[in-house]
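File shown: coords.csv (CSV, C-alpha atoms).
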chain,number,residue,atom,x,y,z
A,25,MET,CA,-10.8,19.7,-1.0
A,26,SER,CA,-7.3,19.4,0.6
A,27,LEU,CA,-4.2,20.9,-1.0
A,28,SER,CA,-2.7,17.4,-1.4
A,29,ILE,CA,-5.6,16.3,-3.5
A,30,ILE,CA,-5.4,19.4,-5.7
A,31,PHE,CA,-1.7,18.8,-6.3
A,32,PHE,CA,-2.5,15.2,-7.2
A,33,ILE,CA,-5.2,16.3,-9.7
A,34,VAL,CA,-2.7,18.7,-11.3
A,35,PHE,CA,-0.1,15.9,-11.4
A,36,VAL,CA,-2.5,13.6,-13.2
A,37,PHE,CA,-3.4,16.4,-15.7
A,38,ILE,CA,0.3,17.0,-16.4
A,39,LEU,CA,0.8,13.3,-16.9
A,40,VAL,CA,-2.0,13.1,-19.4
A,41,VAL,CA,-0.6,16.0,-21.4
A,42,PHE,CA,2.9,14.6,-21.3
A,43,LEU,CA,1.8,11.1,-22.4
A,44,TYR,CA,-0.3,12.6,-25.2
A,45,ILE,CA,2.8,14.4,-26.5
A,46,LYS,CA,4.9,11.3,-26.2
A,47,ARG,CA,2.2,8.9,-27.5
A,48,ALA,CA,4.3,7.7,-30.4
A,49,ASN,CA,6.9,6.2,-27.9
A,50,LEU,CA,4.3,4.5,-25.7
A,51,SER,CA,3.0,1.0,-25.5
A,52,ILE,CA,-0.3,0.1,-23.7
A,53,GLN,CA,-1.0,-3.2,-22.0
A,54,LYS,CA,-4.8,-3.5,-22.2
A,55,ILE,CA,-6.4,-5.2,-19.2
A,56,LEU,CA,-9.9,-3.9,-19.2
A,57,PHE,CA,-9.3,-1.1,-21.6
A,58,PRO,CA,-10.2,1.8,-21.5
A,59,PHE,CA,-11.1,1.5,-17.8
A,60,PHE,CA,-8.0,-0.4,-16.6
A,61,TYR,CA,-4.7,-0.5,-18.4
A,62,VAL,CA,-1.0,0.1,-18.1
A,63,ILE,CA,1.0,2.7,-20.1
A,64,LEU,CA,4.8,2.0,-20.7
A,65,TYR,CA,7.5,4.4,-21.7
A,66,ARG,CA,10.8,2.6,-22.4
A,67,THR,CA,14.3,4.0,-21.9
A,68,LYS,CA,17.8,2.7,-21.4
A,69,THR,CA,18.4,4.6,-18.1
A,70,GLY,CA,20.0,2.6,-15.4
A,71,LEU,CA,20.9,-0.4,-17.6
A,72,ALA,CA,24.6,0.1,-17.1
A,73,LEU,CA,24.3,0.2,-13.3
A,74,ILE,CA,22.1,-3.0,-13.3
A,75,GLU,CA,24.6,-4.8,-15.4
A,76,LYS,CA,27.5,-3.6,-13.3
A,77,TRP,CA,26.0,-4.7,-10.0
A,78,GLY,CA,24.7,-8.0,-11.5
A,79,SER,CA,28.2,-8.8,-12.8
A,80,LYS,CA,30.3,-7.5,-9.9
A,81,TYR,CA,28.2,-9.2,-7.1
A,82,ARG,CA,26.9,-12.1,-9.2
A,83,GLU,CA,27.1,-14.8,-6.5
A,84,PHE,CA,25.6,-12.6,-3.9
A,85,PHE,CA,22.5,-11.7,-6.0
A,86,ARG,CA,22.1,-15.2,-7.3
A,87,PHE,CA,22.0,-16.5,-3.7
A,88,LEU,CA,19.7,-13.7,-2.7
A,89,GLY,CA,17.4,-14.6,-5.6
A,90,LEU,CA,17.2,-18.2,-4.3
A,91,VAL,CA,16.3,-16.9,-0.8
A,92,CYS,CA,13.6,-14.8,-2.4
A,93,ILE,CA,11.9,-17.9,-3.9
A,94,GLY,CA,10.9,-19.3,-0.5
A,95,ILE,CA,10.0,-16.0,0.9
A,96,GLY,CA,7.9,-15.1,-2.2
A,97,PHE,CA,5.9,-18.3,-2.2
A,98,PHE,CA,5.4,-18.2,1.6
A,99,TYR,CA,3.9,-14.6,1.5
A,100,MET,CA,1.9,-15.4,-1.6
A,101,PHE,CA,0.2,-18.1,0.5
A,102,ILE,CA,-0.2,-15.7,3.5
A,103,ALA,CA,-1.7,-12.9,1.3
A,104,VAL,CA,-4.2,-15.2,-0.4
A,105,TYR,CA,-5.1,-17.0,2.8
A,106,ASN,CA,-5.8,-13.8,4.7
A,107,ILE,CA,-8.1,-12.6,1.9
A,108,GLY,CA,-10.0,-15.9,2.1
A,109,ALA,CA,-10.1,-16.0,5.9
A,110,SER,CA,-11.5,-12.5,5.9
A,111,TYR,CA,-14.8,-13.9,4.6
A,112,TYR,CA,-15.6,-15.1,8.1
A,113,LEU,CA,-15.6,-11.5,9.3
A,114,LEU,CA,-17.4,-10.3,6.1
A,115,ILE,CA,-20.3,-12.7,6.7
A,116,LYS,CA,-20.6,-12.5,10.5
A,117,TYR,CA,-20.0,-8.8,11.0
A,118,LEU,CA,-20.4,-7.3,7.6
A,119,PHE,CA,-16.8,-6.2,8.1
A,120,LYS,CA,-15.3,-4.2,5.3
A,121,PRO,CA,-11.6,-5.0,4.7
A,122,VAL,CA,-9.5,-1.9,4.2
A,123,PHE,CA,-7.7,-1.8,0.8
A,124,PRO,CA,-5.8,1.6,1.1
A,125,ILE,CA,-6.0,3.7,-2.0
A,126,LEU,CA,-2.5,4.8,-2.7
A,127,VAL,CA,-3.1,8.4,-3.4
A,128,PRO,CA,-2.5,11.7,-1.6
A,129,GLY,CA,-5.2,12.5,0.8
A,130,MET,CA,-5.4,9.0,2.2
A,131,SER,CA,-5.4,8.8,6.0
A,132,ILE,CA,-2.9,6.8,8.0
A,133,PRO,CA,-3.9,6.3,11.7
A,134,GLY,CA,-1.4,8.3,13.8
A,135,GLU,CA,-0.1,10.3,10.9
A,136,GLY,CA,-3.2,12.1,9.5
A,137,VAL,CA,-3.6,12.8,5.8
A,138,VAL,CA,-0.7,11.9,3.5
A,139,SER,CA,0.7,14.9,1.7
A,140,PHE,CA,1.5,14.9,-2.1
A,141,SER,CA,5.3,15.3,-1.5
A,142,THR,CA,5.4,12.3,0.9
A,143,TRP,CA,3.3,10.2,-1.6
A,144,ILE,CA,5.5,11.0,-4.6
A,145,ILE,CA,8.8,10.3,-2.7
A,146,ALA,CA,7.3,7.0,-1.5
A,147,ILE,CA,6.2,5.9,-5.0
A,148,PHE,CA,9.7,6.7,-6.3
A,149,VAL,CA,11.5,4.7,-3.6
A,150,ILE,CA,9.1,1.7,-3.8
A,151,ALA,CA,9.2,1.5,-7.6
A,152,THR,CA,13.0,1.9,-7.8
A,153,VAL,CA,13.7,-0.7,-5.2
A,154,HIS,CA,11.2,-3.2,-6.7
A,155,GLU,CA,12.4,-2.9,-10.3
A,156,PHE,CA,16.1,-2.6,-9.5
A,157,ALA,CA,15.8,-5.9,-7.6
A,158,HIS,CA,14.2,-7.6,-10.6
A,159,GLY,CA,16.9,-6.2,-12.9
A,160,VAL,CA,20.0,-7.0,-10.8
A,161,VAL,CA,18.9,-10.6,-10.1
A,162,ALA,CA,18.2,-11.1,-13.8
A,163,ALA,CA,21.7,-9.7,-14.7
A,164,ALA,CA,23.3,-11.9,-12.0
A,165,ASN,CA,21.7,-14.9,-13.8
A,166,LYS,CA,23.0,-13.7,-17.2
A,167,VAL,CA,19.5,-12.8,-18.4
A,168,LYS,CA,19.7,-9.8,-20.6
A,169,VAL,CA,17.7,-6.7,-19.5
A,170,LYS,CA,16.6,-4.9,-22.7
A,171,ASN,CA,15.0,-1.8,-21.3
A,172,THR,CA,14.1,0.2,-18.3
A,173,GLY,CA,11.4,2.8,-18.2
A,174,PHE,CA,8.5,4.2,-16.3
A,175,GLY,CA,4.9,3.3,-16.6
A,176,PHE,CA,1.5,4.3,-15.2
A,177,LEU,CA,-1.2,2.1,-13.9
A,178,SER,CA,-4.3,3.7,-15.3
A,179,VAL,CA,-7.9,3.7,-14.1
A,180,ILE,CA,-9.5,5.6,-17.1
A,181,VAL,CA,-6.6,8.2,-16.7
A,182,PRO,CA,-3.0,7.5,-15.6
A,183,LEU,CA,-2.9,7.6,-11.8
A,184,PHE,CA,-0.1,5.6,-10.3
A,185,PRO,CA,3.5,6.0,-11.6
A,186,ALA,CA,5.9,3.2,-11.5
A,187,PHE,CA,9.3,2.1,-13.0
A,188,PHE,CA,10.0,-1.2,-14.7
A,189,VAL,CA,12.8,-3.3,-16.1
A,190,GLU,CA,12.2,-5.4,-19.2
A,191,PRO,CA,14.3,-8.6,-19.5
A,192,ASP,CA,14.6,-10.4,-22.8
A,193,GLU,CA,11.5,-12.7,-22.6
A,194,LYS,CA,12.8,-15.3,-25.0
A,195,ASN,CA,16.0,-15.6,-23.0
A,196,LEU,CA,14.1,-15.6,-19.7
A,197,ARG,CA,11.7,-18.4,-20.7
A,198,LYS,CA,14.7,-20.6,-21.6
A,199,GLN,CA,16.0,-20.4,-18.1
A,200,SER,CA,15.4,-23.0,-15.4
A,201,ASP,CA,12.3,-22.6,-13.3
A,202,VAL,CA,14.5,-21.7,-10.3
A,203,VAL,CA,16.1,-18.8,-12.1
A,204,GLN,CA,12.7,-17.5,-13.3
A,205,TYR,CA,11.2,-17.8,-9.8
A,206,SER,CA,14.1,-15.9,-8.3
A,207,ILE,CA,13.8,-13.0,-10.8
A,208,PHE,CA,10.0,-12.7,-10.4
A,209,ALA,CA,10.2,-13.0,-6.6
A,210,ALA,CA,13.1,-10.5,-6.2
A,211,GLY,CA,11.0,-7.3,-6.6
A,212,PRO,CA,8.2,-8.0,-4.0
A,213,VAL,CA,10.7,-9.5,-1.5
A,214,ALA,CA,12.9,-6.4,-1.9
A,215,ASN,CA,9.8,-4.3,-0.9
A,216,LEU,CA,9.3,-6.6,2.1
A,217,LEU,CA,12.9,-6.0,3.2
A,218,VAL,CA,12.4,-2.2,2.8
A,219,TYR,CA,9.2,-2.5,4.9
A,220,LEU,CA,11.2,-4.2,7.7
A,221,LEU,CA,14.0,-1.7,7.4
A,222,PHE,CA,11.6,1.2,8.0
A,223,ILE,CA,9.8,-0.6,10.8
A,224,PHE,CA,13.3,-1.0,12.4
A,225,LEU,CA,14.1,2.6,11.8
A,226,ILE,CA,10.8,3.8,13.3
A,227,SER,CA,11.0,1.5,16.3
A,228,PHE,CA,14.6,1.9,17.3
A,229,ALA,CA,15.5,5.4,16.1
A,230,LEU,CA,12.7,7.8,15.3
A,231,THR,CA,10.3,6.8,18.1
A,232,PRO,CA,13.0,7.0,20.8
A,233,LEU,CA,14.1,10.4,19.4
A,234,THR,CA,10.4,11.6,19.5
A,235,GLU,CA,10.1,10.5,23.1
A,236,LYS,CA,13.3,12.2,24.1
A,237,TYR,CA,12.6,15.5,22.5
A,238,SER,CA,8.9,15.9,22.9
A,239,GLU,CA,5.9,15.3,25.1
A,240,PRO,CA,2.6,13.7,24.0
A,241,LEU,CA,-0.4,16.1,23.7
A,242,GLY,CA,-3.1,13.8,22.4
A,243,VAL,CA,-4.6,12.8,19.1
A,244,SER,CA,-6.1,15.2,16.6
A,245,MET,CA,-9.0,14.3,14.3
A,246,GLU,CA,-11.7,15.8,12.1
A,247,ALA,CA,-15.4,15.1,11.7
A,248,ILE,CA,-16.5,13.3,8.6
A,249,ASN,CA,-19.7,15.3,8.2
A,250,GLN,CA,-22.6,16.8,10.1
A,251,ASP,CA,-24.7,13.6,9.8
A,252,TYR,CA,-22.7,11.9,12.6
A,253,PRO,CA,-22.2,12.9,16.2
A,254,ALA,CA,-18.8,14.6,15.9
A,255,GLY,CA,-20.0,16.8,13.0
A,256,LYS,CA,-22.4,18.6,15.4
A,257,PHE,CA,-19.5,19.8,17.6
A,258,PHE,CA,-16.2,19.8,15.6
A,259,ASP,CA,-15.4,22.7,13.4
A,260,GLY,CA,-12.1,21.7,11.8
A,261,ARG,CA,-9.4,19.7,13.4
A,262,VAL,CA,-9.4,19.2,17.2
A,263,THR,CA,-7.0,17.5,19.6
A,264,VAL,CA,-8.5,15.0,22.0
A,265,THR,CA,-6.7,14.4,25.3
A,266,LYS,CA,-9.3,12.4,27.2
A,267,VAL,CA,-12.1,9.9,26.6
A,268,ASN,CA,-14.6,9.6,29.5
A,269,GLY,CA,-12.0,11.2,31.8
A,270,ALA,CA,-9.2,8.8,30.9
A,271,ALA,CA,-6.1,10.3,29.3
A,272,VAL,CA,-5.3,9.4,25.7
A,273,ASN,CA,-1.8,10.2,24.2
A,274,ASP,CA,-2.1,8.7,20.8
A,275,SER,CA,-4.4,7.1,18.1
A,276,GLU,CA,-4.0,3.6,19.5
A,277,GLN,CA,-5.1,4.6,23.0
A,278,PHE,CA,-8.1,6.5,21.4
A,279,ALA,CA,-9.1,3.5,19.4
A,280,ASP,CA,-8.9,1.3,22.5
A,281,SER,CA,-11.1,3.7,24.4
A,282,VAL,CA,-13.9,3.8,21.9
A,283,LYS,CA,-13.7,0.3,20.3
A,284,GLY,CA,-16.4,-1.2,22.6
A,285,ILE,CA,-19.0,1.6,22.3
A,286,VAL,CA,-22.6,0.9,21.3
A,287,PRO,CA,-25.3,3.1,19.6
A,288,GLY,CA,-26.8,5.5,22.1
A,289,GLN,CA,-23.8,5.4,24.5
A,290,ASN,CA,-22.6,8.7,25.8
A,291,ILE,CA,-18.9,9.5,25.1
A,292,VAL,CA,-17.3,12.6,26.7
A,293,LEU,CA,-14.2,13.9,24.8
A,294,GLY,CA,-11.8,16.2,26.5
A,295,ILE,CA,-10.1,18.7,24.2
A,296,LEU,CA,-6.6,20.2,24.4
A,297,ASN,CA,-8.0,23.7,25.2
A,298,GLY,CA,-9.9,22.4,28.2
A,299,SER,CA,-13.3,22.1,26.6
A,300,THR,CA,-15.4,18.9,26.7
A,301,TYR,CA,-17.8,17.5,24.2
A,302,LYS,CA,-20.6,15.0,25.1
A,303,LEU,CA,-21.3,12.9,22.1
A,304,VAL,CA,-24.0,10.3,21.7
A,305,ALA,CA,-22.8,7.4,19.6
A,306,ALA,CA,-24.7,6.7,16.3
A,307,LYS,CA,-24.9,3.4,14.5
A,308,ASP,CA,-21.8,2.3,12.6
A,309,PRO,CA,-22.8,2.3,8.9
A,310,ASP,CA,-20.8,-0.9,8.4
A,311,ASN,CA,-22.1,-2.7,11.6
A,312,PRO,CA,-25.4,-1.3,13.2
A,313,GLU,CA,-24.5,-3.1,16.4
A,314,LYS,CA,-21.4,-1.0,17.0
A,315,GLY,CA,-21.3,2.7,18.0
A,316,TYR,CA,-19.9,5.3,15.7
A,317,LEU,CA,-18.6,8.9,16.3
A,318,GLY,CA,-17.8,9.9,12.7
A,319,VAL,CA,-14.2,11.0,13.0
A,320,PHE,CA,-11.2,10.4,10.7
A,321,GLY,CA,-7.6,11.7,10.0
A,322,PHE,CA,-6.1,10.6,13.3
A,323,LYS,CA,-2.7,12.2,14.0
A,324,ASN,CA,-0.6,11.9,17.1
A,325,GLU,CA,0.2,15.4,18.4
A,326,VAL,CA,3.3,16.2,20.5
A,327,ASN,CA,4.9,19.3,21.9
A,328,TRP,CA,8.4,19.5,20.6
A,329,HIS,CA,11.2,21.0,22.8
A,330,ASN,CA,12.8,22.3,19.6
A,331,LYS,CA,10.3,23.3,16.9
A,332,MET,CA,12.8,23.0,14.0
A,333,LEU,CA,13.9,19.5,15.0
A,334,GLY,CA,10.3,18.6,15.7
A,335,GLY,CA,9.2,19.7,12.2
A,336,PHE,CA,11.9,17.6,10.5
A,337,LEU,CA,11.3,14.5,12.7
A,338,SER,CA,7.6,14.7,12.2
A,339,TRP,CA,8.0,14.8,8.4
A,340,LEU,CA,10.6,12.0,8.6
A,341,ILE,CA,8.4,9.8,10.7
A,342,SER,CA,5.4,10.4,8.4
A,343,LEU,CA,7.5,9.5,5.3
A,344,SER,CA,8.9,6.4,7.0
A,345,ARG,CA,5.5,5.1,8.0
A,346,MET,CA,4.2,5.8,4.5
A,347,LEU,CA,7.1,3.9,3.0
A,348,ALA,CA,6.7,1.0,5.4
A,349,LEU,CA,3.0,0.7,4.7
A,350,LEU,CA,3.2,1.1,0.9
A,351,ASN,CA,6.1,-1.3,0.6
A,352,LEU,CA,4.1,-3.9,2.5
A,353,ILE,CA,1.0,-3.4,0.4
A,354,VAL,CA,2.9,-3.4,-2.9
A,355,ALA,CA,4.8,-6.6,-1.9
A,356,LEU,CA,1.7,-8.5,-0.9
A,357,VAL,CA,-0.4,-7.4,-3.9
A,358,ASN,CA,2.4,-8.3,-6.3
A,359,LEU,CA,2.8,-11.7,-4.8
A,360,MET,CA,-0.9,-12.6,-5.3
A,361,PRO,CA,-1.5,-14.3,-8.6
A,362,ILE,CA,-3.7,-11.6,-10.4
A,363,PHE,CA,-2.7,-11.9,-14.1
A,364,ILE,CA,-0.2,-9.1,-14.4
A,365,THR,CA,1.6,-9.5,-11.0
A,366,ASP,CA,4.9,-11.2,-10.2
A,367,GLY,CA,2.9,-13.8,-8.3
A,368,ALA,CA,1.0,-14.6,-11.5
A,369,ARG,CA,4.3,-15.1,-13.3
A,370,MET,CA,5.6,-17.4,-10.6
A,371,ILE,CA,2.4,-19.5,-10.8
A,372,GLU,CA,2.7,-19.6,-14.6
A,373,VAL,CA,6.2,-21.1,-14.3
A,374,ALA,CA,5.0,-23.6,-11.7
A,375,ALA,CA,2.1,-24.7,-13.8
A,376,SER,CA,4.3,-25.2,-16.9
A,377,LYS,CA,6.6,-27.4,-14.9
A,378,MET,CA,3.8,-29.4,-13.2
A,379,PHE,CA,1.8,-30.0,-16.5
A,380,LYS,CA,3.6,-31.1,-19.6
A,381,ASN,CA,0.6,-30.2,-21.8
A,382,LYS,CA,0.8,-26.4,-22.4
A,383,MET,CA,-3.0,-26.0,-22.8
A,384,THR,CA,-3.5,-27.7,-19.4
A,385,ALA,CA,-0.9,-25.5,-17.8
A,386,LYS,CA,-2.5,-22.4,-19.2
A,387,LYS,CA,-5.9,-23.5,-18.0
A,388,VAL,CA,-4.6,-24.2,-14.5
A,389,TRP,CA,-2.9,-20.8,-14.4
A,390,PHE,CA,-6.0,-19.0,-15.6
A,391,ILE,CA,-8.2,-20.8,-13.0
A,392,VAL,CA,-5.9,-19.9,-10.1
A,393,ASN,CA,-5.8,-16.3,-11.2
A,394,ILE,CA,-9.6,-16.1,-11.6
A,395,LEU,CA,-10.1,-17.6,-8.2
A,396,VAL,CA,-7.9,-15.0,-6.5
A,397,VAL,CA,-9.4,-12.2,-8.4
A,398,VAL,CA,-12.9,-13.3,-7.4
A,399,LEU,CA,-11.7,-13.6,-3.7
A,400,VAL,CA,-10.3,-10.0,-3.8
A,401,VAL,CA,-13.3,-8.4,-5.6
A,402,GLY,CA,-15.7,-10.3,-3.5
A,403,SER,CA,-14.1,-9.2,-0.3
A,404,ILE,CA,-14.6,-5.6,-1.4
A,405,PHE,CA,-18.2,-5.8,-2.7
A,406,LEU,CA,-19.7,-8.6,-0.6
A,407,PRO,CA,-20.4,-6.4,2.5
A,408,TYR,CA,-22.5,-4.0,0.3
A,409,LEU,CA,-24.3,-7.0,-1.3
A,410,LEU,CA,-25.1,-8.5,2.1
A,411,LYS,CA,-26.4,-5.2,3.4
A,412,TRP,CA,-28.6,-4.8,0.4
A,413,LEU,CA,-30.0,-8.4,0.8
A,414,ILE,CA,-30.5,-8.1,4.5
Just give me the structure as structure tokens.
Amino acid sequence: MSLSIIFFIVFVFILVVFLYIKRANLSIQKILFPFFYVILYRTKTGLALIEKWGSKYREFFRFLGLVCIGIGFFYMFIAVYNIGASYYLLIKYLFKPVFPILVPGMSIPGEGVVSFSTWIIAIFVIATVHEFAHGVVAAANKVKVKNTGFGFLSVIVPLFPAFFVEPDEKNLRKQSDVVQYSIFAAGPVANLLVYLLFIFLISFALTPLTEKYSEPLGVSMEAINQDYPAGKFFDGRVTVTKVNGAAVNDSEQFADSVKGIVPGQNIVLGILNGSTYKLVAAKDPDNPEKGYLGVFGFKNEVNWHNKMLGGFLSWLISLSRMLALLNLIVALVNLMPIFITDGARMIEVAASKMFKNKMTAKKVWFIVNILVVVLVVGSIFLPYLLKWLI
């Protein structure tokens, strides 16, 4: 078990103890309790800053909120469409979409396994940006923000920390549909903007600095277990520099080198120390027609001219990529109408404006949410069902 996972387990244990002590001040939103629920701890922290910015820059944030409406609905469509379109790959190739689990120990291609410190910083930044955007657009539209606070998305136990702002719901529901759309869309769109910011930072600042002050060595990886080809040779992490005699400098080149392999094909991996390993590709557990080596945790390795600078830049790049990835995931998931998301609130407002009958509006809203939930859950479990049936 990696150190990051141990830290995460300790973190969850401390959360459970803290929340038990503070249980009188908590509220619980039950979704599929006790398996899936949200714990909220309300405070007044940050309210003054939200009100100050919302008042001082009122016109700017009101305009920004209007822009967020179009972007929000557009990416809501993109997110749902991509989930639906993935069923072609699911059925034809038994392809399993990747829904990254946002916990320490997850592997990002090119960066390796995410550390606990990187994860906790990323969660803090993402949640702060998301909720501050909701709050300041609400304040700019003169919707009172009653509380701030932090919460925990729980799967049996609290796992994923988050912050929240709580506008006055009665006041909010009296606002025009445009104002409500802008407040709900502001959070996920802010995450999309942060995603673009970090992509820009990586592309035009950190990557050029890396290229200037280092030389590529190859891509390091680990074997999943001894049941697959790599597990018979790799003892710990190794750095691959060649595939079938062709040089590979990073994870993308490695992926391109092995993407067309088939079961039984010989693959010769050249290692940084000069050794070579001859692997025979096994069957991919997700697609028996494709070859599989059984490796994970890809990390681009470089030789830094200055070790201290290299250590700092490596950490900064890893953090930036984590922030970019998680901001994108949080934005898209929040824009999909799945009952408790911002996208669900936007659809609720749209349904109430389209249908004068409140019961009809609620039914339409419920049906839309159920359809999206079924699409998402189906895309996760359908490959396993098809394998079992076939």
For this session: Extract, using only C-alpha atoms, all DNA, RNA and protein residues at most 8 Å from region 162-177 of chain A, discarding same-chain residues fewer than 4 positions from it, and format them as a PyMOL selection string.
Result: chain A and resi 60-71+74-75+77-79+81-83+85-86+158+182-192+195-196+203+207
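Reported to one decimal place, the separation of CA of Asn358 (chain A) from CA of Leu50 (chain A) is 23.3 Å.
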To test the calculation: enclose all listed atoms of region 43-59 of chain A in a box whose edges run along x, y and z, add 6 Å on each side, then state centre and edge lengths in Å to one decimal, as lines of an AutoDock Vina configuration file.
center_x = -2.1
center_y = 4.6
center_z = -24.1
size_x = 30.0
size_y = 31.6
size_z = 24.6
Problem set entry | Nearby residues (all atoms listed in the file) at most 12 Å from Gln277 (chain A), same-chain spacing under 6 positions excluded, as a ChimeraX atom specification | /A:133-134,240,242-243,264-267,270-271,283,322,324
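Each of A:Val357, A:Ala229, A:Val179, A:Leu217 was compared to Val400 (chain A) using only C-alpha atoms, and A:Val357 turns out to be the nearest.
Contact shell of Ala254 (chain A) at 9 Å (all atoms listed in the file; same-chain neighbours under 5 positions omitted): Glu246, Ala247, Ile248, Asn249, Tyr301, Leu303, Val304, Leu317, Gly318 and Val319 of chain A.
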For this session: May I have the residues within 10 Å of region 140-152 of chain A as a ChimeraX atom specification, using all atoms listed in the file and disregarding those fewer than 6 positions away in the same chain?
Result: /A:27-32,35,126-130,158,174,184-189,211-212,214-215,218-219,339-340,342-352,354-355
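Nearest to His329 (chain A) of all the residues A:Val161, A:Arg369, A:Glu239, A:His154 is A:Glu239, based on only C-alpha atoms.
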Problem set entry | Gly367 (chain A) environment, 12 Å, all atoms listed in the file, sequence neighbours closer than 3 positions dropped, as a ChimeraX atom specification | /A:93,95-101,103-104,204-213,354-364,370-374,389,392-393,396
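Here CA of Val153 (chain A) and CA of Val91 (chain A) stand 17.0 Å from one another.
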Seminar exercise, completed: Residue with the minimum atom-to-atom distance to Gly260 (chain A), picked from A:Lys382, A:Gly321, A:Val202, A:Ser227 with all atoms listed in the file counted, is A:Gly321
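When CA of Val282 (chain A) is paired with CA of Thr231 (chain A), their separation reads 24.7 Å.
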Exercise. When distances are computed from all atoms listed in the file, which of A:Trp412, A:Leu88, A:Lys377, A:Val34 shows the smallest separation from Ser200 (chain A)?
Worked result: A:Lys377
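Across A:Ala72, A:Leu230, A:Ile45, A:Leu293, the tightest approach to Gly269 (chain A) is made by A:Leu293 when counting only C-alpha atoms.
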